[in-house]
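Chemist: Structure file entry38.cif (mmCIF, C-alpha atoms) right here:
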data_my_file
loop_
_atom_site.group_PDB
_atom_site.id
_atom_site.type_symbol
_atom_site.label_atom_id
_atom_site.label_comp_id
_atom_site.auth_asym_id
_atom_site.auth_seq_id
_atom_site.Cartn_x
_atom_site.Cartn_y
_atom_site.Cartn_z
ATOM 1 C CA MET M 9 74.005 -38.437 -155.991
ATOM 2 C CA ALA M 10 73.636 -42.207 -155.934
ATOM 3 C CA ASN M 11 73.773 -42.386 -159.711
ATOM 4 C CA SER M 12 76.989 -40.370 -159.942
ATOM 5 C CA ILE M 13 78.670 -42.509 -157.246
ATOM 6 C CA PHE M 14 77.591 -45.605 -159.134
ATOM 7 C CA SER M 15 78.974 -44.156 -162.377
ATOM 8 C CA ILE M 16 82.341 -43.631 -160.643
ATOM 9 C CA ALA M 17 82.188 -47.241 -159.409
ATOM 10 C CA SER M 18 81.571 -48.487 -162.953
ATOM 11 C CA VAL M 19 84.492 -46.450 -164.293
ATOM 12 C CA ILE M 20 86.776 -47.943 -161.597
ATOM 13 C CA ALA M 21 85.570 -51.439 -162.540
ATOM 14 C CA ILE M 22 86.331 -50.708 -166.208
ATOM 15 C CA LEU M 23 89.807 -49.560 -165.145
ATOM 16 C CA GLY M 24 90.346 -52.906 -163.417
ATOM 17 C CA LEU M 25 89.143 -54.638 -166.595
ATOM 18 C CA VAL M 26 91.669 -52.659 -168.658
ATOM 19 C CA LEU M 27 94.523 -53.577 -166.278
ATOM 20 C CA ALA M 28 93.569 -57.274 -166.499
ATOM 21 C CA GLY M 29 93.435 -56.862 -170.278
ATOM 22 C CA LEU M 30 96.989 -55.505 -170.239
ATOM 23 C CA ARG M 31 98.107 -58.679 -168.462
ATOM 24 C CA PHE M 32 96.108 -60.662 -171.028
ATOM 25 C CA ALA M 33 98.004 -58.939 -173.845
ATOM 26 C CA LYS M 34 101.445 -59.109 -172.202
ATOM 27 C CA GLY M 35 101.306 -62.234 -170.214
ATOM 28 C CA PRO M 36 104.399 -64.366 -170.908
ATOM 29 C CA GLY M 37 102.751 -67.805 -170.823
ATOM 30 C CA ALA M 38 99.370 -69.258 -171.774
ATOM 31 C CA ILE M 39 98.478 -69.789 -168.106
ATOM 32 C CA ASP M 40 98.936 -66.067 -167.338
ATOM 33 C CA ARG M 41 96.549 -65.219 -170.145
ATOM 34 C CA ILE M 42 93.918 -67.642 -168.835
ATOM 35 C CA VAL M 43 94.215 -66.234 -165.294
ATOM 36 C CA ALA M 44 93.704 -62.741 -166.732
ATOM 37 C CA LEU M 45 90.773 -64.014 -168.828
ATOM 38 C CA ASP M 46 89.112 -65.449 -165.710
ATOM 39 C CA ALA M 47 89.349 -62.108 -163.901
ATOM 40 C CA MET M 48 88.100 -60.276 -167.000
ATOM 41 C CA THR M 49 85.010 -62.478 -167.361
ATOM 42 C CA ILE M 50 84.043 -61.976 -163.711
ATOM 43 C CA ILE M 51 84.405 -58.195 -164.038
ATOM 44 C CA THR M 52 82.433 -58.237 -167.297
ATOM 45 C CA THR M 53 79.582 -60.186 -165.651
ATOM 46 C CA SER M 54 79.318 -57.479 -162.999
ATOM 47 C CA LEU M 55 79.471 -54.744 -165.637
ATOM 48 C CA ILE M 56 76.602 -56.347 -167.590
ATOM 49 C CA VAL M 57 74.459 -56.122 -164.437
ATOM 50 C CA ALA M 58 75.577 -52.489 -164.036
ATOM 51 C CA PHE M 59 74.479 -51.892 -167.632
ATOM 52 C CA ALA M 60 71.081 -53.371 -166.741
ATOM 53 C CA LEU M 61 70.807 -50.699 -164.045
ATOM 54 C CA PHE M 62 71.864 -47.901 -166.416
ATOM 55 C CA ALA M 63 69.504 -49.047 -169.183
ATOM 56 C CA GLY M 64 66.679 -49.742 -166.726
ATOM 57 C CA ARG M 65 65.922 -53.135 -168.277
ATOM 58 C CA ARG M 66 65.733 -56.121 -165.975
ATOM 59 C CA ILE M 67 66.234 -58.689 -168.748
ATOM 60 C CA TYR M 68 69.941 -57.796 -169.012
ATOM 61 C CA ILE M 69 70.562 -59.401 -165.588
ATOM 62 C CA ASP M 70 69.553 -62.729 -167.146
ATOM 63 C CA VAL M 71 72.049 -62.037 -169.906
ATOM 64 C CA GLY M 72 74.683 -61.578 -167.167
ATOM 65 C CA ILE M 73 73.710 -64.886 -165.526
ATOM 66 C CA VAL M 74 74.053 -66.757 -168.829
ATOM 67 C CA TYR M 75 77.334 -64.983 -169.573
ATOM 68 C CA GLY M 76 78.647 -66.076 -166.171
ATOM 69 C CA LEU M 77 77.676 -69.712 -166.835
ATOM 70 C CA VAL M 78 79.284 -69.798 -170.268
ATOM 71 C CA SER M 79 82.466 -68.037 -169.169
ATOM 72 C CA PHE M 80 82.849 -70.430 -166.217
ATOM 73 C CA ALA M 81 82.561 -73.392 -168.580
ATOM 74 C CA GLY M 82 85.046 -71.758 -170.961
ATOM 75 C CA VAL M 83 87.670 -71.055 -168.295
ATOM 76 C CA VAL M 84 87.396 -74.575 -166.850
ATOM 77 C CA ALA M 85 87.649 -76.119 -170.331
ATOM 78 C CA LEU M 86 90.741 -74.040 -171.166
ATOM 79 C CA ALA M 87 92.371 -74.914 -167.837
ATOM 80 C CA ARG M 88 91.681 -78.628 -168.305
ATOM 81 C CA TYR M 89 93.093 -78.447 -171.817
ATOM 82 C CA LEU M 90 96.285 -76.813 -170.576
ATOM 83 C CA GLU M 91 96.579 -79.411 -167.810
ATOM 84 C CA GLY M 92 96.431 -82.166 -170.407
ATOM 85 C CA GLY M 93 93.246 -83.875 -169.244
ATOM 86 C CA LEU M 94 91.059 -82.979 -172.226
ATOM 87 C CA MET A 25 69.165 -43.195 -148.561
ATOM 88 C CA ALA A 26 69.201 -46.871 -149.542
ATOM 89 C CA ALA A 27 70.359 -45.880 -153.015
ATOM 90 C CA ILE A 28 73.390 -44.018 -151.637
ATOM 91 C CA ILE A 29 74.337 -46.943 -149.362
ATOM 92 C CA GLY A 30 74.051 -49.313 -152.317
ATOM 93 C CA ALA A 31 76.179 -47.034 -154.479
ATOM 94 C CA PHE A 32 78.905 -46.960 -151.818
ATOM 95 C CA VAL A 33 78.843 -50.778 -151.502
ATOM 96 C CA SER A 34 79.216 -50.958 -155.295
ATOM 97 C CA LEU A 35 82.103 -48.487 -155.117
ATOM 98 C CA LEU A 36 83.842 -50.752 -152.576
ATOM 99 C CA GLY A 37 83.374 -53.737 -154.889
ATOM 100 C CA ALA A 38 84.723 -51.774 -157.845
ATOM 101 C CA CYS A 39 87.794 -50.879 -155.766
ATOM 102 C CA PHE A 40 88.388 -54.631 -155.302
ATOM 103 C CA PHE A 41 88.187 -55.028 -159.087
ATOM 104 C CA LEU A 42 90.832 -52.318 -159.460
ATOM 105 C CA PHE A 43 93.074 -53.981 -156.837
ATOM 106 C CA SER A 44 92.704 -57.273 -158.669
ATOM 107 C CA GLY A 45 93.777 -55.636 -161.935
ATOM 108 C CA ILE A 46 96.782 -54.018 -160.254
ATOM 109 C CA GLY A 47 97.703 -57.349 -158.655
ATOM 110 C CA LEU A 48 97.444 -59.134 -162.002
ATOM 111 C CA LEU A 49 99.864 -56.638 -163.495
ATOM 112 C CA ARG A 50 102.390 -56.444 -160.680
ATOM 113 C CA MET A 51 102.612 -59.977 -159.189
ATOM 114 C CA PRO A 52 105.731 -61.901 -160.246
ATOM 115 C CA ASP A 53 104.448 -65.316 -161.428
ATOM 116 C CA ALA A 54 101.315 -67.226 -162.383
ATOM 117 C CA PHE A 55 100.443 -68.569 -158.923
ATOM 118 C CA ASN A 56 100.672 -65.131 -157.332
ATOM 119 C CA ARG A 57 98.633 -63.627 -160.167
ATOM 120 C CA MET A 58 95.978 -66.263 -159.585
ATOM 121 C CA GLN A 59 95.802 -65.164 -155.950
ATOM 122 C CA ALA A 60 95.016 -61.607 -157.026
ATOM 123 C CA GLY A 61 92.894 -62.528 -160.018
ATOM 124 C CA THR A 62 90.419 -64.898 -158.401
ATOM 125 C CA LYS A 63 90.007 -63.985 -154.716
ATOM 126 C CA ALA A 64 89.741 -60.246 -155.129
ATOM 127 C CA THR A 65 87.275 -60.533 -158.012
ATOM 128 C CA THR A 66 85.072 -62.931 -156.005
ATOM 129 C CA LEU A 67 84.670 -60.473 -153.134
ATOM 130 C CA GLY A 68 84.479 -57.527 -155.530
ATOM 131 C CA SER A 69 81.717 -59.012 -157.654
ATOM 132 C CA ILE A 70 79.683 -60.060 -154.598
ATOM 133 C CA LEU A 71 79.898 -56.512 -153.191
ATOM 134 C CA PHE A 72 79.210 -54.891 -156.583
ATOM 135 C CA LEU A 73 76.129 -57.040 -157.237
ATOM 136 C CA LEU A 74 74.768 -56.621 -153.697
ATOM 137 C CA GLY A 75 75.234 -52.871 -154.057
ATOM 138 C CA ILE A 76 73.162 -52.895 -157.237
ATOM 139 C CA GLY A 77 70.525 -54.939 -155.425
ATOM 140 C CA ILE A 78 70.410 -52.455 -152.541
ATOM 141 C CA MET A 79 70.153 -49.529 -154.988
ATOM 142 C CA LYS A 80 67.251 -51.111 -156.852
ATOM 143 C CA PRO A 81 65.243 -53.600 -154.730
ATOM 144 C CA ASP A 82 63.524 -55.004 -157.867
ATOM 145 C CA TYR A 83 66.845 -56.477 -158.934
ATOM 146 C CA LEU A 84 67.822 -57.870 -155.518
ATOM 147 C CA GLY A 85 66.655 -61.465 -156.071
ATOM 148 C CA ARG A 86 68.470 -61.974 -159.321
ATOM 149 C CA THR A 87 71.648 -60.242 -158.206
ATOM 150 C CA ILE A 88 71.726 -62.482 -155.113
ATOM 151 C CA ILE A 89 71.334 -65.537 -157.380
ATOM 152 C CA LEU A 90 74.227 -64.294 -159.521
ATOM 153 C CA ALA A 91 76.373 -63.523 -156.441
ATOM 154 C CA ILE A 92 75.769 -67.024 -155.022
ATOM 155 C CA PHE A 93 76.585 -68.512 -158.411
ATOM 156 C CA ILE A 94 79.872 -66.584 -158.610
ATOM 157 C CA ALA A 95 80.758 -67.522 -155.012
ATOM 158 C CA LEU A 96 80.208 -71.202 -155.880
ATOM 159 C CA THR A 97 81.923 -71.356 -159.275
ATOM 160 C CA ASN A 98 84.919 -69.046 -158.894
ATOM 161 C CA PRO A 99 86.773 -71.329 -156.410
ATOM 162 C CA VAL A 100 86.183 -74.256 -158.781
ATOM 163 C CA SER A 101 87.688 -72.443 -161.763
ATOM 164 C CA SER A 102 90.499 -71.190 -159.516
ATOM 165 C CA ASN A 103 91.279 -74.790 -158.525
ATOM 166 C CA ALA A 104 91.301 -75.902 -162.170
ATOM 167 C CA LEU A 105 93.610 -72.977 -163.030
ATOM 168 C CA ALA A 106 96.002 -73.865 -160.199
ATOM 169 C CA ARG A 107 96.248 -77.477 -161.377
ATOM 170 C CA ALA A 108 96.786 -76.253 -164.947
ATOM 171 C CA ALA A 109 99.560 -73.886 -163.810
ATOM 172 C CA HIS A 110 101.203 -76.755 -161.905
ATOM 173 C CA ALA A 111 101.172 -79.050 -164.956
ATOM 174 C CA TYR A 112 102.328 -76.196 -167.191
ATOM 175 C CA ARG A 113 105.332 -75.428 -164.972
ATOM 176 C CA LYS A 114 106.239 -79.114 -164.810
ATOM 177 C CA ARG A 115 106.221 -79.265 -168.607
ATOM 178 C CA LEU A 116 108.589 -76.288 -168.686
ATOM 179 C CA GLY A 117 110.916 -78.064 -166.260
ATOM 180 C CA ALA A 118 110.481 -75.542 -163.436
ATOM 181 C CA THR A 119 110.439 -76.752 -159.824
ATOM 182 C CA LEU A 120 108.763 -75.338 -156.728
ATOM 183 C CA ALA A 121 110.384 -75.076 -153.287
ATOM 184 C CA CYS A 122 107.446 -76.908 -151.681
ATOM 185 C CA ASP A 123 105.264 -79.060 -153.929
ATOM 186 C CA ALA A 124 102.645 -81.177 -152.138
ATOM 187 C CA LEU A 125 100.689 -81.980 -155.330
ATOM 188 C CA ALA A 126 103.765 -83.553 -157.001
ATOM 189 C CA ASP A 127 104.393 -85.631 -153.840
ATOM 190 C CA ASP A 128 100.785 -86.845 -153.945
ATOM 191 C CA GLN A 129 101.029 -87.724 -157.624
ATOM 192 C CA GLU A 130 104.244 -89.676 -157.029
ATOM 193 C CA ALA A 131 102.594 -91.579 -154.165
ATOM 194 C CA ASP A 132 99.679 -92.434 -156.471
ATOM 195 C CA HIS A 133 102.058 -93.745 -159.120
ATOM 196 C CA GLY A 134 103.833 -95.877 -156.523
ATOM 197 C CA ASN A 135 100.630 -97.727 -155.581
#
Could you write out this structure as structure tokens?
Modeler:
Amino acid sequence: MANSIFSIASVIAILGLVLAGLRFAKGPGAIDRIVALDAMTIITTSLIVAFALFAGRRIYIDVGIVYGLVSFAGVVALARYLEGGL
Amino acid sequence: MAAIIGAFVSLLGACFFLFSGIGLLRMPDAFNRMQAGTKATTLGSILFLLGIGIMKPDYLGRTIILAIFIALTNPVSSNALARAAHAYRKRLGATLACDALADDQEADHGN
């Protein structure tokens, strides 16, 4: 019961990731792509933790934490570059 | 019982992810897309991670650390994105109806 509800939740999260990816592919300017990339990295961090639950291995949560750190640094660096301060 | 409650909390968070994706696709310009793309994913990821923690109490500590981390860093990246969008629009020659940041920057140049 709980596992099937959680599987549905993961599928809905993947659907949101796909919609953000569509904006990433379409997105008329560079800034639209970076906004979509930011949303995609947050959703992916959550999905990595969901994968830790599916696989039953706790170490994957640490992978999610590191992924969150690196993606935050990447988004901020891209935004600063686009602003002209880098 | 706790597992089912956690799964429903995760489902709520996943719905916020879906709303954020829909908002990213349907909003008209970059500032509106940022609204959908950063706020909704912050709440969605906090709910999703807390739901996982409720489902499996072993994971609760680390998911709370990750949720706090996302709650702290997502506004910062959102702020950097908003400033980048402002500079990007200025480079394109577009103007906003109400632009407090440009007024501030002009005041700084005056001093």
Chemist: Please, which residues of chain M lie no more than 9 Å from chain A when the count uses all atoms listed in the file, and can they be set out as number ranges by chain?
Modeler: M: 9-31, 35, 37-40, 42-44, 46-48, 50-51, 53-54, 57-58, 61, 66, 69-70, 72-73, 76-77, 80-81, 83-92
Chemist: Find the distance between atom CA of A:Ala95 and atom CA of A:Leu74 and write it in Å to one decimal.
Modeler: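 These atoms are spaced 12.5 Å apart.
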Chemist: Provide the atom CA of A:Ala121 to atom CA of A:Asn56 distance in Å, to one decimal place.
Modeler: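 Answer for the atom CA of A:Ala121 to atom CA of A:Asn56 separation: 14.5 Å.
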Chemist: Centre and edge lengths, as JSON, for the axis-aligned box enclosing every listed atom of stretch 10-26 of chain M with 5 Å of padding on each of the six sides, in Å to one decimal?
Modeler:
{"center_x": 82.7, "center_y": -47.5, "center_z": -162.3, "size_x": 28.0, "size_y": 24.3, "size_z": 22.7}
Chemist: Any idea what the distance is between atom CA of M:Thr52 and atom CA of M:Val71?
Modeler: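 Those two atoms sit 11.4 Å apart.
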